[in-house]
>>> print(open('final_8.txt').read())   # compact mmCIF, C-alpha atoms and all ligand atoms
# COMPACT_ATOMS: atom_id res chain seq x y z
CA MET Z 1 12.47 20.37 27.24
CA THR Z 2 14.57 19.57 30.32
CA ILE Z 3 17.23 16.88 30.20
CA SER Z 4 18.43 15.70 33.60
CA GLY Z 5 21.66 13.90 34.48
CA LYS Z 6 19.66 10.67 34.49
CA ALA Z 7 18.18 11.08 31.01
CA MET Z 8 17.87 8.06 28.75
CA VAL Z 9 20.20 8.63 25.78
CA CYS Z 10 19.45 7.26 22.30
CA GLY Z 11 20.43 8.36 18.81
CA VAL Z 12 20.90 7.54 15.15
CA MET Z 13 24.13 6.38 13.54
CA GLY Z 14 24.79 6.56 9.82
CA ASN Z 15 27.12 8.14 7.30
CA PRO Z 16 25.90 10.76 6.56
CA VAL Z 17 23.24 11.62 9.16
CA GLY Z 18 23.04 15.36 8.59
CA HIS Z 19 19.72 15.06 6.71
CA SER Z 20 18.04 12.89 9.37
CA LEU Z 21 14.66 13.95 10.71
CA SER Z 22 14.78 11.31 13.46
CA PRO Z 23 16.22 13.63 16.16
CA MET Z 24 13.31 16.00 15.62
CA MET Z 25 10.76 13.16 15.70
CA GLN Z 26 12.14 11.23 18.68
CA ASN Z 27 12.78 14.31 20.86
CA TYR Z 28 9.27 15.52 20.04
CA PHE Z 29 7.72 12.25 21.30
CA ALA Z 30 9.81 12.47 24.49
CA GLU Z 31 8.73 16.04 25.10
CA LYS Z 32 5.04 15.26 24.50
CA LEU Z 33 5.22 12.26 26.85
CA ASN Z 34 7.23 14.19 29.41
CA LEU Z 35 10.07 11.68 29.36
CA ASP Z 36 13.62 12.33 30.51
CA PHE Z 37 15.02 11.25 27.13
CA VAL Z 38 17.39 12.70 24.57
CA TYR Z 39 18.15 11.55 21.01
CA ILE Z 40 21.24 12.66 19.12
CA PRO Z 41 22.71 12.24 15.60
CA CYS Z 42 26.00 10.29 15.39
CA ASN Z 43 27.96 10.34 12.15
CA VAL Z 44 30.03 7.14 12.15
CA PRO Z 45 32.70 6.48 9.49
CA ASP Z 46 32.30 3.10 7.79
CA GLU Z 47 35.42 1.56 9.33
CA GLN Z 48 34.51 2.59 12.88
CA VAL Z 49 31.14 0.89 13.32
CA GLY Z 50 32.49 -1.71 15.80
CA GLU Z 51 34.20 0.96 17.93
CA ALA Z 52 31.06 3.10 17.82
CA ILE Z 53 28.90 0.28 19.20
CA LYS Z 54 31.37 -0.46 22.00
CA GLY Z 55 31.56 3.28 22.66
CA ILE Z 56 27.82 3.89 22.95
CA TYR Z 57 27.49 0.86 25.23
CA ALA Z 58 30.23 2.23 27.50
CA LEU Z 59 28.55 5.64 27.42
CA GLY Z 60 25.29 4.10 28.59
CA PHE Z 61 23.13 4.61 25.46
CA GLU Z 62 19.79 2.77 25.80
CA GLY Z 63 19.68 2.27 22.07
CA ILE Z 64 20.38 3.68 18.65
CA ASN Z 65 18.81 3.69 15.21
CA VAL Z 66 21.06 2.54 12.40
CA THR Z 67 20.74 3.97 8.93
CA VAL Z 68 22.52 3.76 5.57
CA PRO Z 69 25.17 2.46 5.06
CA HIS Z 70 25.53 0.59 8.37
CA LYS Z 71 22.37 -1.57 8.53
CA GLN Z 72 24.30 -4.78 7.73
CA ARG Z 73 27.66 -3.66 9.05
CA VAL Z 74 26.43 -3.45 12.67
CA MET Z 75 25.23 -7.08 12.74
CA PRO Z 76 28.50 -8.80 13.76
CA TYR Z 77 28.79 -6.51 16.80
CA LEU Z 78 25.44 -7.42 18.37
CA LEU Z 79 24.70 -9.86 21.20
CA GLU Z 80 21.37 -10.94 19.73
CA ILE Z 81 19.38 -10.33 16.55
CA ASP Z 82 15.60 -10.45 16.44
CA GLU Z 83 14.07 -13.00 14.05
CA ALA Z 84 12.61 -10.46 11.60
CA ALA Z 85 15.93 -8.58 11.36
CA ARG Z 86 17.76 -11.88 10.79
CA CYS Z 87 15.38 -12.82 7.97
CA ILE Z 88 15.59 -9.38 6.38
CA GLY Z 89 19.36 -9.34 6.82
CA ALA Z 90 19.46 -5.78 8.16
CA VAL Z 91 19.16 -4.07 11.52
CA ASN Z 92 17.90 -0.53 12.01
CA THR Z 93 17.35 -0.39 15.79
CA LEU Z 94 19.56 -1.47 18.71
CA VAL Z 95 18.18 -2.02 22.20
CA ARG Z 96 20.47 -2.30 25.20
CA MET Z 97 20.71 -5.55 27.12
CA GLU Z 98 23.15 -6.95 29.66
CA GLY Z 99 26.58 -6.93 27.96
CA GLY Z 100 25.62 -5.36 24.62
CA TYR Z 101 22.77 -4.70 22.19
CA LYS Z 102 19.97 -6.65 20.53
CA GLY Z 103 19.23 -5.71 16.91
CA TYR Z 104 15.76 -5.24 15.44
CA ASN Z 105 14.37 -4.22 12.06
CA THR Z 106 11.42 -1.87 12.41
CA ASP Z 107 11.19 -0.99 8.67
CA ALA Z 108 8.98 -3.98 7.83
CA GLU Z 109 6.47 -3.31 10.62
CA GLY Z 110 6.68 0.44 9.92
CA LEU Z 111 5.61 -0.24 6.34
CA PHE Z 112 2.82 -2.51 7.57
CA ARG Z 113 1.44 0.26 9.77
CA ALA Z 114 1.70 2.72 6.86
CA VAL Z 115 -0.36 0.36 4.66
CA LYS Z 116 -2.88 -0.19 7.47
CA ARG Z 117 -3.30 3.55 7.84
CA GLN Z 118 -4.68 3.50 4.27
CA GLY Z 119 -7.40 1.14 5.52
CA ILE Z 120 -5.82 -1.81 3.69
CA GLU Z 121 -5.34 -5.28 5.15
CA VAL Z 122 -2.36 -7.02 3.58
CA SER Z 123 -3.84 -10.43 4.30
CA GLY Z 124 -5.47 -11.91 1.17
CA GLN Z 125 -4.16 -9.18 -1.18
CA ASP Z 126 -2.53 -9.72 -4.56
CA CYS Z 127 0.62 -7.60 -4.31
CA LEU Z 128 3.28 -6.12 -6.54
CA LEU Z 129 6.74 -5.40 -5.21
CA LEU Z 130 8.86 -3.15 -7.40
CA GLY Z 131 12.57 -3.55 -6.64
CA ALA Z 132 14.67 -6.20 -4.97
CA GLY Z 133 17.22 -4.20 -2.97
CA GLY Z 134 17.60 -3.75 0.79
CA ALA Z 135 14.27 -1.99 1.38
CA ALA Z 136 12.46 -4.52 -0.84
CA LYS Z 137 13.60 -7.28 1.49
CA ALA Z 138 11.87 -5.61 4.45
CA ALA Z 139 8.76 -5.06 2.30
CA ALA Z 140 8.81 -8.68 1.08
CA TYR Z 141 9.08 -9.95 4.65
CA MET Z 142 6.16 -7.76 5.71
CA LEU Z 143 3.95 -8.97 2.82
CA MET Z 144 4.74 -12.60 3.57
CA LYS Z 145 4.38 -12.27 7.34
CA HIS Z 146 1.00 -10.62 6.98
CA ARG Z 147 -0.15 -13.28 4.54
CA ALA Z 148 -0.47 -11.57 1.17
CA ARG Z 149 -2.24 -13.95 -1.23
CA SER Z 150 0.35 -13.49 -3.99
CA VAL Z 151 3.41 -11.27 -4.48
CA ALA Z 152 4.95 -10.55 -7.89
CA VAL Z 153 8.41 -9.05 -7.43
CA LEU Z 154 9.61 -7.09 -10.44
CA ASN Z 155 13.17 -5.89 -10.71
CA ARG Z 156 15.53 -4.50 -13.33
CA SER Z 157 17.98 -7.29 -12.41
CA PRO Z 158 15.67 -10.35 -12.48
CA GLU Z 159 18.25 -12.58 -10.79
CA LYS Z 160 17.99 -10.45 -7.63
CA ALA Z 161 14.19 -10.73 -7.74
CA ARG Z 162 14.51 -14.50 -8.07
CA ILE Z 163 16.87 -14.76 -5.10
CA LEU Z 164 14.51 -12.64 -2.99
CA ALA Z 165 11.42 -14.67 -3.99
CA ASP Z 166 13.16 -18.01 -3.37
CA GLU Z 167 14.41 -16.86 0.02
CA MET Z 168 10.99 -15.66 1.18
CA ASN Z 169 9.13 -18.70 -0.16
CA ARG Z 170 11.60 -20.95 1.67
CA LEU Z 171 11.38 -18.92 4.89
CA PHE Z 172 7.59 -18.94 4.98
CA GLN Z 173 7.25 -22.40 3.40
CA ARG Z 174 4.75 -21.41 0.75
CA GLU Z 175 5.04 -20.39 -2.91
CA THR Z 176 3.51 -16.93 -2.55
CA MET Z 177 6.21 -14.90 -4.25
CA LYS Z 178 7.22 -15.05 -7.91
CA ALA Z 179 10.01 -13.16 -9.62
CA MET Z 180 9.76 -11.25 -12.90
CA ASP Z 181 11.90 -8.94 -14.97
CA LEU Z 182 10.59 -5.38 -14.86
CA SER Z 183 9.85 -5.53 -18.59
CA GLU Z 184 7.54 -8.54 -18.08
CA TYR Z 185 4.77 -6.49 -16.40
CA PRO Z 186 2.29 -7.10 -19.30
CA ARG Z 187 2.22 -10.74 -18.11
CA LEU Z 188 0.78 -9.88 -14.68
CA ASP Z 189 -2.33 -12.01 -14.36
CA LYS Z 190 -4.34 -10.57 -11.44
CA ASP Z 191 -7.00 -7.86 -11.80
CA SER Z 192 -6.19 -5.56 -8.91
CA TYR Z 193 -3.02 -5.08 -6.88
CA LEU Z 194 -1.63 -3.49 -3.75
CA ALA Z 195 1.76 -2.16 -4.97
CA ILE Z 196 4.87 -1.33 -2.97
CA GLN Z 197 7.45 0.71 -4.91
CA THR Z 198 10.92 0.21 -3.36
CA THR Z 199 13.32 1.21 -6.13
CA SER Z 200 15.24 4.46 -5.78
CA VAL Z 201 13.93 5.71 -9.14
CA GLY Z 202 12.13 9.03 -8.80
CA MET Z 203 13.85 10.07 -5.59
CA HIS Z 204 15.06 13.65 -5.17
CA PRO Z 205 16.94 15.15 -6.96
CA ASP Z 206 16.03 12.92 -9.93
CA ILE Z 207 12.32 13.44 -9.70
CA GLY Z 208 9.96 12.86 -12.61
CA TYR Z 209 10.86 9.22 -13.36
CA ALA Z 210 9.17 5.93 -12.63
CA VAL Z 211 10.39 2.42 -13.41
CA ILE Z 212 7.31 1.80 -15.59
CA GLU Z 213 5.51 4.54 -17.55
CA ASP Z 214 2.81 2.49 -19.30
CA PRO Z 215 -0.67 3.71 -18.12
CA ILE Z 216 -2.13 0.21 -18.66
CA PHE Z 217 0.09 -1.13 -15.88
CA TYR Z 218 -1.27 1.49 -13.46
CA GLU Z 219 -4.92 0.67 -14.14
CA LYS Z 220 -4.42 -2.56 -12.17
CA ILE Z 221 -3.21 -0.85 -8.97
CA HIS Z 222 -5.89 -0.02 -6.39
CA THR Z 223 -3.50 1.20 -3.66
CA ALA Z 224 0.21 1.96 -3.68
CA VAL Z 225 2.96 2.97 -1.30
CA ASP Z 226 6.05 4.50 -2.83
CA ILE Z 227 8.57 4.21 -0.01
CA ILE Z 228 10.38 7.27 -1.36
CA TYR Z 229 9.32 10.39 0.57
CA THR Z 230 11.23 13.09 -1.33
CA PRO Z 231 9.50 14.51 -3.33
CA ALA Z 232 6.10 14.41 -1.59
CA GLN Z 233 4.50 13.14 -4.79
CA THR Z 234 6.68 10.91 -6.95
CA ARG Z 235 6.12 10.22 -10.64
CA PHE Z 236 5.06 6.68 -9.64
CA MET Z 237 2.37 8.07 -7.30
CA GLU Z 238 1.19 10.44 -10.03
CA LEU Z 239 0.80 7.53 -12.46
CA VAL Z 240 -1.08 5.42 -9.89
CA LYS Z 241 -3.49 8.30 -9.29
CA GLN Z 242 -3.98 8.78 -13.04
CA GLY Z 243 -4.97 5.11 -13.15
CA LYS Z 244 -7.59 5.89 -10.45
CA GLY Z 245 -5.63 4.21 -7.64
CA LYS Z 246 -4.77 5.61 -4.22
CA ALA Z 247 -1.09 6.41 -3.60
CA VAL Z 248 0.96 7.54 -0.62
CA ASN Z 249 4.65 8.23 -0.17
CA GLY Z 250 7.09 6.66 2.32
CA LEU Z 251 6.85 9.29 5.04
CA ASP Z 252 4.46 7.21 7.15
CA MET Z 253 6.79 4.23 6.88
CA LEU Z 254 9.63 6.41 8.15
CA ILE Z 255 7.50 7.74 11.00
CA TYR Z 256 6.13 4.35 12.07
CA GLN Z 257 9.55 2.65 12.02
CA GLY Z 258 10.65 5.44 14.38
CA ILE Z 259 7.61 5.00 16.62
CA ILE Z 260 8.26 1.25 16.90
CA ALA Z 261 11.89 1.98 17.88
CA PHE Z 262 10.78 4.61 20.42
CA GLU Z 263 8.37 2.10 21.97
CA LEU Z 264 11.10 -0.57 22.12
CA TRP Z 265 13.24 1.83 24.18
CA ASN Z 266 10.27 3.02 26.25
CA PRO Z 267 8.05 -0.06 26.59
CA ASP Z 268 5.72 1.57 29.11
CA VAL Z 269 4.53 4.33 26.77
CA ARG Z 270 2.54 4.47 23.53
CA VAL Z 271 2.76 7.16 20.87
CA THR Z 272 -0.79 8.30 20.18
CA ASP Z 273 -2.37 8.89 16.75
CA GLN Z 274 -2.55 12.59 17.57
CA MET Z 275 1.21 12.73 18.25
CA THR Z 276 1.81 10.81 15.02
CA ASP Z 277 -0.25 13.35 13.06
CA GLU Z 278 1.56 16.26 14.72
CA VAL Z 279 4.98 14.82 13.94
CA ARG Z 280 3.97 14.12 10.32
CA LYS Z 281 2.99 17.75 9.94
CA MET Z 282 6.31 18.93 11.37
CA MET Z 283 8.25 16.61 9.09
CA GLU Z 284 6.25 17.68 6.03
CA GLU Z 285 6.99 21.31 6.86
CA GLN Z 286 10.71 20.52 7.06
CA LEU Z 287 10.85 18.36 3.95
CA TYR Z 288 8.48 20.03 1.53
CA ARG Z 289 8.90 23.72 2.19
CA GLN Z 290 10.61 25.69 -0.56
CA ASP Z 291 14.15 25.14 0.67
CA GLY Z 292 13.43 21.80 2.36
CA MET Z 293 15.61 19.83 -0.02
CA GLU Z 294 18.65 21.84 1.11
CA ARG Z 295 19.13 19.29 3.89
CA PHE Z 296 19.99 16.73 1.22
CA LYS Z 297 22.26 19.00 -0.77
CA ASN Z 298 25.58 17.62 0.42
CA ASP Z 299 24.35 14.05 -0.02
CA ALA Z 300 23.03 14.79 -3.49
CA GLU Z 301 26.34 16.26 -4.58
CA GLU Z 302 27.89 12.83 -4.10
CA CYS Z 303 25.48 11.15 -6.51
CA ASN Z 304 26.79 9.36 -9.56
CA THR Z 305 25.30 8.90 -12.98
CA HIS Z 306 23.27 5.68 -13.06
CA ARG Z 307 21.20 3.97 -15.70
CA ILE Z 308 17.45 4.40 -15.44
CA TYR Z 309 15.23 1.66 -16.85
CA GLY Z 310 14.73 2.78 -20.42
CA SER Z 311 16.60 6.08 -20.35
CA ARG Z 312 19.80 7.63 -19.06
CA LYS Z 313 19.60 10.10 -16.20
CA ASN Z 314 21.49 11.19 -13.12
CA LEU Z 315 20.29 8.89 -10.34
CA CYS Z 316 21.29 8.95 -6.72
CA GLY Z 317 22.29 5.32 -6.26
CA LYS Z 318 25.39 5.43 -4.09
CA ASP Z 319 25.11 4.54 -0.42
CA ALA Z 320 26.53 7.92 0.55
CA GLY Z 321 23.77 9.66 -1.34
CA LYS Z 322 20.89 7.59 0.01
CA LYS Z 323 18.62 8.97 2.64
CA ASP Z 324 16.24 6.27 3.63
CA GLY Z 325 15.29 5.15 7.08
CA PRO Z 326 16.05 7.00 10.29
P1 LIG S 401 19.09 -0.51 -2.93
O1 LIG S 401 19.36 -1.68 -2.04
O2 LIG S 401 20.24 0.16 -3.59
O3 LIG S 401 18.05 -1.02 -4.07
C1 LIG S 401 17.68 -0.15 -5.11
C2 LIG S 401 16.61 -0.80 -5.96
O4 LIG S 401 16.24 0.14 -6.98
C3 LIG S 401 17.04 -2.08 -6.68
O5 LIG S 401 15.95 -2.94 -6.84
C4 LIG S 401 17.50 -1.54 -8.04
O6 LIG S 401 17.44 -2.47 -9.09
C5 LIG S 401 16.45 -0.46 -8.26
N1 LIG S 401 16.94 0.56 -9.20
C6 LIG S 401 17.89 1.50 -8.97
N2 LIG S 401 18.08 2.25 -10.06
C7 LIG S 401 17.23 1.76 -11.00
C8 LIG S 401 16.97 2.11 -12.34
N3 LIG S 401 17.61 3.13 -12.91
N4 LIG S 401 16.02 1.42 -13.01
C9 LIG S 401 15.36 0.39 -12.43
N5 LIG S 401 15.57 0.00 -11.17
C10 LIG S 401 16.50 0.68 -10.46
O7 LIG S 401 18.31 0.64 -2.17
P2 LIG S 401 17.33 0.49 -0.90
O8 LIG S 401 18.12 0.58 0.33
O9 LIG S 401 16.49 -0.70 -1.15
O10 LIG S 401 16.47 1.85 -1.01
C11 LIG S 401 15.55 2.04 -2.08
C12 LIG S 401 14.70 3.30 -1.81
O11 LIG S 401 13.92 3.13 -0.65
C13 LIG S 401 15.54 4.56 -1.60
O12 LIG S 401 14.91 5.61 -2.32
C14 LIG S 401 15.39 4.81 -0.12
O13 LIG S 401 15.51 6.18 0.21
C15 LIG S 401 13.99 4.29 0.17
N6 LIG S 401 13.75 3.86 1.57
C16 LIG S 401 12.74 4.47 2.27
C17 LIG S 401 12.48 4.07 3.58
C18 LIG S 401 11.37 4.74 4.36
O14 LIG S 401 11.37 4.63 5.60
N7 LIG S 401 10.43 5.38 3.73
C19 LIG S 401 13.24 3.06 4.18
C20 LIG S 401 14.24 2.44 3.42
C21 LIG S 401 14.49 2.85 2.11
P3 LIG S 401 18.68 -3.44 -9.41
O15 LIG S 401 18.57 -4.57 -8.41
O16 LIG S 401 18.46 -3.88 -10.80
O17 LIG S 401 19.92 -2.62 -9.22
>>> encode(input="final_8.txt", output="structure tokens")
Amino acid sequence: MTISGKAMVCGVMGNPVGHSLSPMMQNYFAEKLNLDFVYIPCNVPDEQVGEAIKGIYALGFEGINVTVPHKQRVMPYLLEIDEAARCIGAVNTLVRMEGGYKGYNTDAEGLFRAVKRQGIEVSGQDCLLLGAGGAAKAAAYMLMKHRARSVAVLNRSPEKARILADEMNRLFQRETMKAMDLSEYPRLDKDSYLAIQTTSVGMHPDIGYAVIEDPIFYEKIHTAVDIIYTPAQTRFMELVKQGKGKAVNGLDMLIYQGIIAFELWNPDVRVTDQMTDEVRKMMEEQLYRQDGMERFKNDAEECNTHRIYGSRKNLCGKDAGKKDGP
């Protein structure tokens, strides 16, 4: 890979970013497409987000991905915010424009492409959304935008589910989404669901847990995406498969949100399916090899003890320990 003095410079900012696979993915696309492009990790302390954005603009960065915990924090420093990002309330990609950056959210569309890859059209589906946190908002927006028939959002804190459902119903001007407490799942009234699991339960290192264990619940799920991608197979995915459903993890969502960002910075190129498959293989090798989880070790050490629905376990719930997105 040759980087000239005129190379387009992009990157990822977060805190921490040491675990990020985005530099590997983005630089791989550039190499395959023979682009003069380089992508670097930028660890930005929480109180220096504004300075960092001014700094990358002055340095001529074409754009940057934004990951935990800065996805909301960057918003006041942007010139413009794309409609989807505004509705979701979080930005994960900045694209340079005259005088500053425009913010986008590529998580929602990344998830849509991951679902599509399973041969599933969201339109007309009865859907389940587990969780009502930041990632659930992107998932909710995607399900509404692509015209799911119904969406039941189940969360440990039902008030958060209600706020999310009200917000989405108001935004899309239809009563598609209804909120439920997690424990109310026996009241679900449809026969067959597309399920999106967005809680952090079951994520490395606290593998082996799912928010619901009851096998009867899983018999109603025909296809599921658990947006967690460490481990490769979560307890939730295992339970869906035992109920005869199809289940995938969140690695495709991560890859597709990155592809959408790459194509925003390089609008004249398209990442092919073959390149997508190659990058998935490389990422799987990094993540799921014997010592693959080492990359998360420092993050995991910062985890606190959190309450799991129904039992008490060590859960990685702090921002500093999260490793979603780019
Ligand atoms: P968040 O805003 O902190 O939300 C966490 C969600 O999990 C909330 O709904 C929370 O419920 C629920 N939860 C946490 N601990 C629980 C427990 N013990 N029992 C029941 N529910 C529990 O986090 P986030 O940013 O949405 O991220 C969630 C997950 O998505 C993380 O694992 C992250 O790595 C992953 N992610 C993946 C991608 C990808 O590209 N694949 C992108 C983004 C995020 P309460 O509301 O009751 O607290």
>>> residues_around(input="final_8.txt", residues="Tyr57 (chain Z)", least_positions_apart="2", cutoff="12 Å", atoms="only C-alpha atoms", output="list in words")
Val9, Cys10, Gly50, Glu51, Ala52, Ile53, Lys54, Gly55, Leu59, Gly60, Phe61, Glu62, Gly63, Ile64, Tyr77, Leu78, Leu79, Leu94, Val95, Arg96, Met97, Glu98, Gly99, Gly100, Tyr101 and Lys102 of chain Z
>>> atom_distance(input="final_8.txt", atom1="CA of Lys241 (chain Z)", atom2="CA of Ser192 (chain Z)")
14.1 Å
>>> closest_residue(input="final_8.txt", among="Z:Glu159, Z:Glu47, Z:Asp126, Z:Glu121", to="ligand LIG 401 (chain S)", atoms="all atoms listed in the file")
Z:Glu159
>>> atom_distance(input="final_8.txt", atom1="CA of Pro69 (chain Z)", atom2="CA of Lys145 (chain Z)")
25.6 Å
>>> residues_near_point(input="final_8.txt", point="(7.7, 5.5, 10.7)", cutoff="12 Å", atoms="all atoms listed in the file", output="PyMOL selection string")
chain Z and resi 21-22+25-26+92+105-115+117+227+229+249-263+271+276-277+279-280+283+324-326
